[in-house]
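Undergrad: This is the content of query06.cif (mmCIF, C-alpha atoms):
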data_work
#
loop_
_atom_site.label_atom_id
_atom_site.label_comp_id
_atom_site.auth_asym_id
_atom_site.auth_seq_id
_atom_site.Cartn_x
_atom_site.Cartn_y
_atom_site.Cartn_z
CA MET A 910 12.73 -3.06 11.27
CA THR A 911 9.60 -2.23 13.21
CA THR A 912 6.34 -3.51 11.72
CA ALA A 913 2.66 -3.39 12.63
CA TYR A 914 3.11 -6.72 14.42
CA ASP A 915 5.50 -5.16 16.95
CA VAL A 916 3.34 -2.44 18.49
CA PRO A 917 -0.04 -2.41 20.25
CA ALA A 918 -2.91 -2.18 17.77
CA GLU A 919 -4.76 0.53 19.71
CA ARG A 920 -1.86 2.98 19.59
CA LEU A 921 -1.11 2.23 15.95
CA LEU A 922 -4.75 2.63 14.92
CA SER A 923 -5.15 5.99 16.64
CA ARG A 924 -1.97 7.28 14.97
CA LEU A 925 -3.06 5.88 11.60
CA ALA A 926 -6.56 7.38 11.92
CA ASP A 927 -5.03 10.80 12.65
CA HIS A 928 -2.79 10.45 9.62
CA LEU A 929 -5.67 9.45 7.33
CA ARG A 930 -7.77 12.36 8.60
CA SER A 931 -5.00 14.92 8.07
CA GLU A 932 -4.03 13.50 4.68
CA GLY A 933 -7.50 14.08 3.25
CA LYS A 934 -7.60 11.05 0.94
CA VAL A 935 -10.18 9.31 3.14
CA SER A 936 -13.48 10.91 4.11
CA PRO A 937 -16.66 9.55 5.66
CA PRO A 938 -19.55 9.01 3.24
CA GLU A 939 -22.69 11.08 3.67
CA TRP A 940 -24.56 8.13 5.20
CA ALA A 941 -21.89 7.48 7.88
CA PRO A 942 -23.61 9.34 10.79
CA PHE A 943 -26.77 7.24 10.45
CA VAL A 944 -25.52 3.73 9.76
CA ARG A 945 -25.11 0.85 12.18
CA THR A 946 -21.87 -1.08 11.92
CA GLY A 947 -23.62 -4.42 11.61
CA ILE A 948 -26.76 -6.42 12.24
CA HIS A 949 -25.50 -7.23 15.73
CA THR A 950 -25.58 -3.58 16.88
CA GLU A 951 -28.60 -1.57 17.94
CA ASN A 952 -27.33 1.98 17.39
CA ALA A 953 -24.93 3.95 15.25
CA PRO A 954 -21.41 4.49 16.65
CA ILE A 955 -21.13 7.19 19.31
CA GLN A 956 -17.63 8.38 18.34
CA LYS A 957 -17.54 11.25 15.88
CA ASP A 958 -14.42 9.99 14.11
CA TRP A 959 -15.44 6.31 13.95
CA TRP A 960 -15.05 6.23 10.16
CA TYR A 961 -11.34 7.03 10.27
CA LEU A 962 -10.76 4.41 12.97
CA ARG A 963 -12.63 1.80 10.92
CA VAL A 964 -10.67 2.61 7.75
CA ALA A 965 -7.42 2.45 9.73
CA SER A 966 -8.47 -0.88 11.16
CA VAL A 967 -9.36 -2.22 7.71
CA LEU A 968 -5.93 -1.17 6.42
CA ARG A 969 -4.23 -2.93 9.32
CA LYS A 970 -6.32 -6.07 8.79
CA VAL A 971 -5.39 -6.14 5.10
CA TYR A 972 -1.75 -5.83 6.17
CA LEU A 973 -2.08 -8.77 8.56
CA LEU A 974 -4.43 -11.09 6.64
CA ALA A 975 -3.74 -10.37 2.95
CA PRO A 976 -5.04 -11.48 0.54
CA VAL A 977 -8.44 -10.89 2.11
CA GLY A 978 -11.93 -10.18 0.78
CA THR A 979 -14.89 -8.18 2.01
CA SER A 980 -16.70 -11.18 3.47
CA ARG A 981 -13.80 -12.23 5.68
CA LEU A 982 -13.18 -8.65 6.77
CA SER A 983 -16.84 -8.16 7.66
CA ALA A 984 -16.68 -11.32 9.77
CA LYS A 985 -13.75 -9.79 11.68
CA PHE A 986 -15.87 -6.71 12.45
CA GLY A 987 -18.94 -8.74 13.45
CA GLY A 988 -20.28 -9.64 16.84
CA ALA A 989 -22.92 -11.56 18.73
CA ARG A 990 -26.57 -11.01 17.82
CA ASP A 991 -28.84 -10.50 20.83
CA GLY A 992 -31.98 -12.52 20.23
CA GLY A 993 -33.62 -11.86 23.59
CA SER A 994 -33.95 -15.15 25.44
CA ALA A 995 -32.53 -17.07 22.49
CA PRO A 996 -28.83 -17.97 22.49
CA TYR A 997 -26.33 -15.55 20.99
CA HIS A 998 -25.17 -16.29 17.46
CA PRO A 999 -22.29 -14.68 15.60
CA ARG A 1000 -23.18 -12.21 12.85
CA LYS A 1001 -21.03 -10.42 10.30
CA GLY A 1002 -20.45 -6.69 10.32
CA SER A 1003 -21.58 -4.35 7.58
CA ARG A 1004 -20.07 -5.35 4.24
CA ASN A 1005 -20.94 -1.95 2.77
CA ILE A 1006 -18.74 -0.19 5.33
CA VAL A 1007 -15.86 -2.57 4.60
CA ARG A 1008 -16.33 -2.27 0.84
CA THR A 1009 -16.45 1.54 0.92
CA ALA A 1010 -13.37 1.68 3.17
CA LEU A 1011 -11.47 -0.61 0.80
CA GLN A 1012 -12.48 1.51 -2.19
CA GLN A 1013 -11.21 4.64 -0.46
CA LEU A 1014 -7.95 2.90 0.44
CA GLU A 1015 -7.56 1.79 -3.19
CA GLU A 1016 -8.02 5.37 -4.38
CA ALA A 1017 -5.43 6.51 -1.83
CA GLY A 1018 -3.00 3.91 -3.19
CA TYR A 1019 -2.62 1.84 -0.03
CA VAL A 1020 -4.51 -1.28 -1.16
CA THR A 1021 -4.83 -3.07 -4.49
CA ILE A 1022 -6.83 -6.01 -5.81
CA ARG A 1023 -5.10 -9.30 -6.51
CA GLU A 1024 -7.00 -11.12 -9.25
CA LYS A 1025 -9.52 -13.62 -7.79
CA ARG A 1026 -7.75 -13.60 -4.43
CA GLY A 1027 -8.77 -10.42 -2.61
CA ARG A 1028 -7.18 -7.18 -1.49
CA VAL A 1029 -3.49 -6.89 -0.68
CA ILE A 1030 -1.49 -4.00 0.69
CA THR A 1031 0.68 -1.98 -1.68
CA PRO A 1032 4.28 -1.01 -0.94
CA ALA A 1033 3.07 2.52 -0.14
CA GLY A 1034 0.58 1.15 2.40
CA GLN A 1035 3.18 -1.10 3.98
CA LYS A 1036 5.63 1.79 4.18
CA LEU A 1037 3.01 3.96 5.89
CA LEU A 1038 2.14 1.31 8.48
CA ASP A 1039 5.77 0.47 9.19
CA ARG A 1040 6.70 4.15 9.57
CA LEU A 1041 3.82 4.81 11.96
CA ALA A 1042 4.65 1.63 13.90
CA TYR A 1043 8.20 2.90 14.31
CA GLU A 1044 6.91 6.25 15.59
CA VAL A 1045 4.65 4.45 18.08
CA LEU A 1046 7.58 2.33 19.27
CA ILE A 1047 9.75 5.43 19.78
CA ASP A 1048 6.92 7.06 21.79
CA MET A 1049 6.62 3.91 23.90
CA ALA A 1050 10.39 3.90 24.44
CA LYS A 1051 10.21 7.41 25.89
CA THR A 1052 8.04 6.19 28.77
CA ASN A 1053 9.68 2.77 29.04
CA PRO A 1054 13.43 2.89 28.26
CA GLN A 1055 13.64 -0.90 27.96
CA MET A 1056 11.62 -0.68 24.74
CA MET A 1057 14.53 1.13 23.11
CA LYS A 1058 16.32 -2.17 22.49
CA TYR A 1059 13.58 -3.07 19.99
CA ALA A 1060 13.87 0.21 18.08
CA ARG A 1061 16.65 0.75 15.62
CA VAL A 1062 17.51 4.38 16.13
CA LYS A 1063 18.70 6.18 13.04
#
Can you turn what I pasted into structure tokens?
TA:
Amino acid sequence: MTTAYDVPAERLLSRLADHLRSEGKVSPPEWAPFVRTGIHTENAPIQKDWWYLRVASVLRKVYLLAPVGTSRLSAKFGGARDGGSAPYHPRKGSRNIVRTALQQLEEAGYVTIREKRGRVITPAGQKLLDRLAYEVLIDMAKTNPQMMKYARVK
């Protein structure tokens, strides 16, 4: 069975972001065009669909790291703070973005809260990621026939 571990993250995230956009259960908040993604960034994201990519990435991270909380997820989306001539220091990403993305994923039914442990992926979320990972693997097998040995064709 093909899982999210078996395919490149970039291809899976773009496919997942397209699915979330077309499904309509996830939508960017009204403040999304103006917000920075963390204290380590100077400007807002340039991509128009950055919200869907971030939500897709949060869903994948919950799949890989569960149970996980907002603080640990924001650390994964952090970066190095530029202090001029001072040394770089790691900073966390925006916890509000992570929290809002998790709330939208909970409403969509892909993530749930485990009591005092953090967020975990639901069977529906795991099914979605595994199905999209299988589709990505089949697409990769079309360009590289050797990949077909990893895909169980129905």
Undergrad: Please write as a PyMOL selection string the full residue list that the PyMOL selection byres ((chain A and resi 969-984) around 8) yields on this file.
TA: chain A and resi 913+922+965-968+985-987+1000-1004+1007-1008+1020+1023+1026-1030+1035+1038
Undergrad: When distances are computed from only C-alpha atoms, which of A:Ala953, A:Arg945, A:Tyr961, A:Lys1058 shows the smallest separation from Ala926 of chain A?
TA: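 Closest to Ala926 of chain A, using only C-alpha atoms: A:Tyr961.
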Undergrad: Just how far from atom CA of Ile955 of chain A is atom CA of Glu939 of chain A, in Å to one decimal?
TA: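 Atom-to-atom, atom CA of Glu939 of chain A to atom CA of Ile955 of chain A, that is 16.2 Å.
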Undergrad: Residues near Glu951 of chain A, anyone? I mean within 12 Å using all atoms listed in the file, not counting same-chain ones fewer than 5 positions away, as a list in words.
TA: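 Neighbouring residues, sequence-local ones excluded: Phe943, Val944, Arg945, Thr946, Gly988, Ala989, Arg990, Asp991 and Gly992 of chain A.
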Undergrad: In Å, how far is it from atom CA of Trp940 of chain A to atom CA of Ala1017 of chain A?
TA: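 Taking atom CA of Trp940 of chain A as the start and atom CA of Ala1017 of chain A as the end point, the length is 20.4 Å.
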Undergrad: Given the choices A:Leu1014, A:Met1049, A:Ile1006, A:Ala1033, which gets closest to Ala941 of chain A if the distance is worked out from all atoms listed in the file?
TA: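 Closest candidate: A:Ile1006.
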Undergrad: For the structure shown, which residues end up in the PyMOL selection byres ((chain A and resi 1048) around 12)? Put them as a ChimeraX atom specification, please?
TA: /A:916-917,920-921,924,1041-1047,1049-1054,1056-1057,1060
Undergrad: Can you report as lines of an AutoDock Vina configuration file the centre and edge lengths in Å, to one decimal, of an axis-aligned box around the listed atoms of segment 997-1013 of chain A padded with 3 Å on each side?
TA:
center_x = -18.8
center_y = -5.8
center_z = 9.4
size_x = 21.1
size_y = 26.9
size_z = 29.2
